[in-house]
Structure formats: C-alpha cells, structure tokens
$ cat model-v7.txt   # compact mmCIF, C-alpha atoms and all ligand atoms
# COMPACT_ATOMS: atom_id res chain seq x y z
CA MET A 3 21.42 -103.71 71.18
CA THR A 4 21.79 -103.92 67.41
CA LYS A 5 20.29 -101.37 65.04
CA GLU A 6 17.67 -103.85 64.02
CA GLU A 7 16.62 -104.32 67.64
CA GLU A 8 16.56 -100.55 68.22
CA LYS A 9 14.12 -100.06 65.35
CA LYS A 10 11.73 -102.69 66.65
CA SER A 11 11.86 -101.67 70.31
CA PRO A 12 9.32 -99.11 71.58
CA PRO A 13 10.66 -95.54 72.00
CA SER A 14 12.29 -94.76 75.25
CA ARG A 15 10.61 -92.43 77.67
CA ARG A 16 13.02 -89.64 76.71
CA GLN A 17 12.33 -90.09 72.99
CA PHE A 18 8.59 -90.11 73.66
CA LEU A 19 8.76 -86.89 75.66
CA ALA A 20 10.95 -85.18 73.05
CA ALA A 21 8.49 -86.10 70.29
CA GLY A 22 5.59 -84.84 72.42
CA VAL A 23 7.31 -81.50 73.14
CA ALA A 24 8.13 -81.06 69.44
CA ALA A 25 4.52 -81.81 68.44
CA ALA A 26 3.15 -79.43 71.09
CA GLY A 27 5.55 -76.72 69.92
CA GLY A 28 4.39 -77.18 66.34
CA VAL A 29 0.73 -76.95 67.34
CA LEU A 30 1.42 -73.85 69.45
CA LEU A 31 3.35 -72.17 66.63
CA SER A 32 0.57 -72.94 64.13
CA GLY A 33 -1.97 -71.53 66.57
CA LEU A 34 0.02 -68.33 66.90
CA PHE A 35 0.17 -67.91 63.12
CA VAL A 36 -3.59 -68.46 62.82
CA LEU A 37 -4.19 -65.96 65.65
CA ARG A 38 -1.92 -63.38 64.01
CA ASP A 39 -3.60 -63.78 60.62
CA GLY A 40 -7.02 -63.57 62.22
CA LEU A 41 -6.14 -60.35 64.04
CA LEU A 42 -4.66 -58.85 60.85
CA PHE A 43 -7.87 -59.76 59.01
CA LEU A 44 -10.10 -58.20 61.66
CA PHE A 45 -7.93 -55.17 62.36
CA PRO A 46 -5.89 -54.43 59.25
CA PRO A 47 -3.10 -51.91 59.70
CA PRO A 48 -3.96 -48.45 58.37
CA ARG A 49 -2.78 -47.86 54.85
CA GLU A 50 -0.85 -44.78 53.99
CA LYS A 51 -3.00 -42.46 51.88
CA ARG A 52 -1.64 -41.87 48.44
CA PHE A 53 -2.53 -38.76 46.50
CA VAL A 54 -2.35 -37.68 42.91
CA LYS A 55 -1.53 -34.00 42.54
CA TYR A 56 -3.15 -32.00 39.73
CA LEU A 57 -2.36 -28.44 38.74
CA VAL A 58 -5.70 -26.62 38.61
CA GLY A 59 -4.52 -23.14 37.76
CA LYS A 60 -2.57 -20.05 38.67
CA LYS A 61 -3.68 -17.95 41.61
CA ASP A 62 -4.15 -14.83 39.49
CA GLU A 63 -6.35 -16.65 36.99
CA ILE A 64 -9.11 -16.88 39.60
CA PRO A 65 -9.90 -13.49 41.16
CA ALA A 66 -11.29 -13.37 44.69
CA GLY A 67 -14.97 -14.28 44.84
CA LYS A 68 -14.89 -16.18 41.54
CA ALA A 69 -14.90 -19.86 40.68
CA LYS A 70 -13.40 -21.53 37.66
CA GLU A 71 -14.69 -24.77 36.20
CA ILE A 72 -12.10 -27.20 34.96
CA SER A 73 -12.06 -30.85 34.03
CA ILE A 74 -9.89 -33.50 35.64
CA ALA A 75 -9.98 -36.96 34.11
CA GLY A 76 -13.12 -35.93 32.28
CA LYS A 77 -14.97 -34.89 35.43
CA PRO A 78 -16.00 -31.33 36.32
CA VAL A 79 -14.27 -29.62 39.21
CA PHE A 80 -14.67 -26.08 40.53
CA VAL A 81 -11.79 -24.06 41.89
CA ALA A 82 -13.21 -21.26 44.02
CA HIS A 83 -11.24 -18.30 45.35
CA LEU A 84 -12.92 -17.51 48.65
CA PRO A 85 -11.92 -15.09 51.42
CA GLU A 86 -10.51 -18.05 53.38
CA GLY A 87 -8.43 -19.18 50.41
CA PHE A 88 -8.75 -21.52 47.49
CA LYS A 89 -11.24 -24.38 47.67
CA VAL A 90 -11.80 -27.16 45.18
CA PHE A 91 -15.17 -28.88 44.87
CA SER A 92 -16.49 -31.68 42.74
CA GLY A 93 -18.88 -30.41 40.08
CA ILE A 94 -20.99 -33.54 40.43
CA CYS A 95 -24.20 -33.16 42.41
CA PRO A 96 -24.41 -35.69 45.26
CA HIS A 97 -28.14 -36.11 44.65
CA LEU A 98 -28.24 -37.95 41.30
CA GLY A 99 -24.99 -36.95 39.66
CA CYS A 100 -25.90 -33.98 37.48
CA ILE A 101 -23.32 -31.30 36.79
CA VAL A 102 -23.64 -28.24 39.01
CA LYS A 103 -23.13 -24.65 37.83
CA TRP A 104 -21.50 -21.73 39.63
CA LYS A 105 -23.78 -18.70 39.97
CA GLU A 106 -21.50 -15.72 40.02
CA ARG A 107 -23.90 -13.14 41.38
CA GLU A 108 -25.24 -15.30 44.21
CA LYS A 109 -21.84 -16.88 44.93
CA GLU A 110 -23.34 -20.34 45.14
CA PHE A 111 -23.51 -23.59 43.22
CA TYR A 112 -26.74 -24.62 41.58
CA CYS A 113 -27.86 -27.98 40.22
CA PRO A 114 -30.40 -27.52 37.40
CA CYS A 115 -31.71 -31.10 37.58
CA HIS A 116 -33.70 -30.86 40.82
CA ARG A 117 -32.77 -27.37 41.95
CA ALA A 118 -30.28 -28.16 44.66
CA VAL A 119 -28.39 -25.13 45.87
CA PHE A 120 -24.98 -25.27 47.52
CA GLY A 121 -23.16 -22.49 49.31
CA LYS A 122 -19.74 -21.29 48.22
CA ASP A 123 -18.35 -23.68 50.85
CA GLY A 124 -20.18 -26.59 49.20
CA SER A 125 -22.82 -26.87 51.95
CA VAL A 126 -26.41 -27.70 51.06
CA LEU A 127 -28.62 -24.58 51.13
CA ALA A 128 -31.71 -25.96 49.41
CA GLY A 129 -33.01 -28.89 47.42
CA PRO A 130 -32.79 -32.66 47.64
CA SER A 131 -29.05 -33.21 47.92
CA PRO A 132 -28.31 -35.55 50.84
CA ARG A 133 -24.90 -34.03 51.49
CA PRO A 134 -22.56 -31.18 50.56
CA LEU A 135 -20.45 -31.13 47.43
CA ASP A 136 -17.32 -33.21 47.75
CA GLU A 137 -14.37 -31.02 48.64
CA PHE A 138 -10.79 -31.85 47.82
CA GLU A 139 -7.55 -30.95 49.50
CA VAL A 140 -5.82 -27.90 48.04
CA GLN A 141 -2.15 -27.06 48.00
CA VAL A 142 -0.89 -23.63 46.98
CA GLU A 143 2.74 -23.49 45.96
CA GLY A 144 3.96 -20.04 44.97
CA SER A 145 1.57 -18.82 42.28
CA LEU A 146 0.17 -22.25 41.47
CA VAL A 147 -2.89 -24.02 42.87
CA PHE A 148 -2.96 -27.80 43.05
CA VAL A 149 -5.61 -30.27 44.12
CA LEU A 150 -4.72 -33.54 45.83
CA LEU A 151 -6.97 -36.45 44.95
CA GLU A 152 -6.85 -39.61 46.98
CA ARG A 153 -5.72 -42.38 44.68
CA SER A 154 -7.60 -45.21 46.37
CA LYS A 155 -10.95 -43.44 46.09
CA GLY A 156 -10.55 -42.95 42.37
CA GLY A 157 -10.70 -39.28 42.86
CA LEU A 158 -13.55 -37.09 41.98
CA GLY A 159 -16.67 -37.87 43.88
CA SER A 160 -19.93 -39.58 43.02
S1 LIG A 201 -29.08 -34.26 40.61
FE1 LIG A 201 -28.69 -32.37 41.49
S2 LIG A 201 -30.46 -31.91 42.54
FE2 LIG A 201 -30.86 -33.81 41.68
$ encode --input "model-v7.txt" --output "structure tokens" --more "lines below"
Ligand code: FES
Amino acid sequence: MTKEEEKKSPPSRRQFLAAGVAAAGGVLLSGLFVLRDGLLFLFPPPREKRFVKYLVGKKDEIPAGKAKEISIAGKPVFVAHLPEGFKVFSGICPHLGCIVKWKEREKEFYCPCHRAVFGKDGSVLAGPSPRPLDEFEVQVEGSLVFVLLERSKGGLGS
C-alpha cells in the first residue's frame, strides 16, 4: 500500500481503538482537574495566620491594676496589667465605634457615647454593646510587652 492509499483508507481497528483510548484519557484527565479545582474552591486549604508584632510598652511602665492607652496605626488600644497578666484590648466600642475610656477606680472600661461598661477582661457589664471589647494576643519577652495583630484582619477591631 502506498502512502497515498494509506491516507485515503479508513483507520484500522487498532488505530481507531488507540485514538479512542487517548480521547477517553484526555476527558478523564480534564475531569480530574475540574474536580480538583472544584474541591479547592469549596474547601480551600487553611491559610497560615500572619501576625504583625508591635511593642506596646515595658512591663514596669504599667503597674498592676492599671491600664495604659496607646495608639497603634492611629487606633486606640489599652494595655491592662491584670492579676492574670497583661491583656491588650481595642479601645473601639463594638456598639457604634466610639472610643472607650479606662476608669481607674472601678477597674473597668466605659464608653461615654451610650454608656456601655466593660469589665477589666473586656466583657460587657452594661449598656448596648453586642459583644466584648476585641482582645489581642500578647507576648511578653523579658521586660517588654508586645501585641500580635493578625495581618489579614487589618488589625485593630471594628
Ligand atoms: S458606641 Fe459605645 S455604647 Fe454606643
């Protein structure tokens, strides 16, 4: 059979089967990629949390039972020295975003806008706030106190 005749003749059974297997393999592979992408879309792998670490003060700058107001990226933050250790809270009221104050004598946070009161642990004691003050992770290294703010959340609460 010449080359010209081979081109014009219908494919042999073996060639037909080989083409069919190759096509089926391609379709199966494409299906697997679509399935993988679909599963990754529906169940994305957990992302590693990334933190930004801010120095908020020295341990001896904040005596036990006191809180110090500082500003991080222009937002108010309170560093409280409690019996259980240092705690850092957002100074932004979860109700409507006013700035809370620390009341030294009562050892609680107070929002002057609508009179929300928060305990020294940030919990809601009174008023309209729907939730406690945002609390941030603290790290004490030697004599220094740091706060860790999650980078993806943009940091400092509502
Ligand atoms: S904004 Fe703080 S109580 Fe309303």
$ atom_distance --input "model-v7.txt" --atom1 "atom CA of A:Phe91" --atom2 "atom CA of A:Glu152"
13.7 Å
$ residues_around --input "model-v7.txt" --residues "A:Lys103" --least-positions-apart "4" --cutoff "10 Å" --atoms "all atoms listed in the file" --output "PDB file with C-alpha atoms, keeping the file's coordinate frame"
ATOM      1  CA  ALA A  69     -14.900 -19.860  40.680  1.00  0.00           C
ATOM      2  CA  GLU A  71     -14.690 -24.770  36.200  1.00  0.00           C
ATOM      3  CA  PRO A  78     -16.000 -31.330  36.320  1.00  0.00           C
ATOM      4  CA  PHE A  80     -14.670 -26.080  40.530  1.00  0.00           C
ATOM      5  CA  GLY A  93     -18.880 -30.410  40.080  1.00  0.00           C
ATOM      6  CA  ILE A  94     -20.990 -33.540  40.430  1.00  0.00           C
ATOM      7  CA  CYS A  95     -24.200 -33.160  42.410  1.00  0.00           C
ATOM      8  CA  GLU A 110     -23.340 -20.340  45.140  1.00  0.00           C
ATOM      9  CA  PHE A 111     -23.510 -23.590  43.220  1.00  0.00           C
ATOM     10  CA  TYR A 112     -26.740 -24.620  41.580  1.00  0.00           C
ATOM     11  CA  CYS A 113     -27.860 -27.980  40.220  1.00  0.00           C
ATOM     12  CA  PRO A 114     -30.400 -27.520  37.400  1.00  0.00           C
ATOM     13  CA  VAL A 119     -28.390 -25.130  45.870  1.00  0.00           C
ATOM     14  CA  PHE A 120     -24.980 -25.270  47.520  1.00  0.00           C
TER      15      PHE A 120
END
$ residues_near_point --input "model-v7.txt" --point "(-9.6, -12.8, 40.7)" --cutoff "12 Å" --atoms "only C-alpha atoms" --output "PyMOL selection string"
chain A and resi 59-70+81-85+87-88
$ residues_near_ligand --input "model-v7.txt" --ligand "ligand LIG 201 (chain A)" --cutoff "7 Å" --atoms "only C-alpha atoms and all ligand atoms" --output "CSV table (one decimal) with C-alpha atoms, in the coordinates of the input"
chain,number,residue,atom,x,y,z
A,95,CYS,CA,-24.2,-33.2,42.4
A,96,PRO,CA,-24.4,-35.7,45.3
A,97,HIS,CA,-28.1,-36.1,44.6
A,98,LEU,CA,-28.2,-38.0,41.3
A,99,GLY,CA,-25.0,-37.0,39.7
A,100,CYS,CA,-25.9,-34.0,37.5
A,102,VAL,CA,-23.6,-28.2,39.0
A,113,CYS,CA,-27.9,-28.0,40.2
A,114,PRO,CA,-30.4,-27.5,37.4
A,115,CYS,CA,-31.7,-31.1,37.6
A,116,HIS,CA,-33.7,-30.9,40.8
A,117,ARG,CA,-32.8,-27.4,42.0
A,118,ALA,CA,-30.3,-28.2,44.7
A,129,GLY,CA,-33.0,-28.9,47.4
A,130,PRO,CA,-32.8,-32.7,47.6
A,131,SER,CA,-29.0,-33.2,47.9
$ atom_distance --input "model-v7.txt" --atom1 "atom CA of A:Val147" --atom2 "atom CA of A:Arg52"
18.7 Å
$ closest_residue --input "model-v7.txt" --among "A:Leu57, A:Lys51, A:Phe18, A:Ala25" --to "A:Glu143" --atoms "all atoms listed in the file"
A:Leu57
$ atom_distance --input "model-v7.txt" --atom1 "atom CA of A:Ser125" --atom2 "atom CA of A:Val142"
22.7 Å
$ residues_near_point --input "model-v7.txt" --point "(-1.6, -34.8, 43.9)" --cutoff "10 Å" --atoms "all atoms listed in the file" --output "MDAnalysis selection string"
chainID A and resid 52:57 139:141 148:153
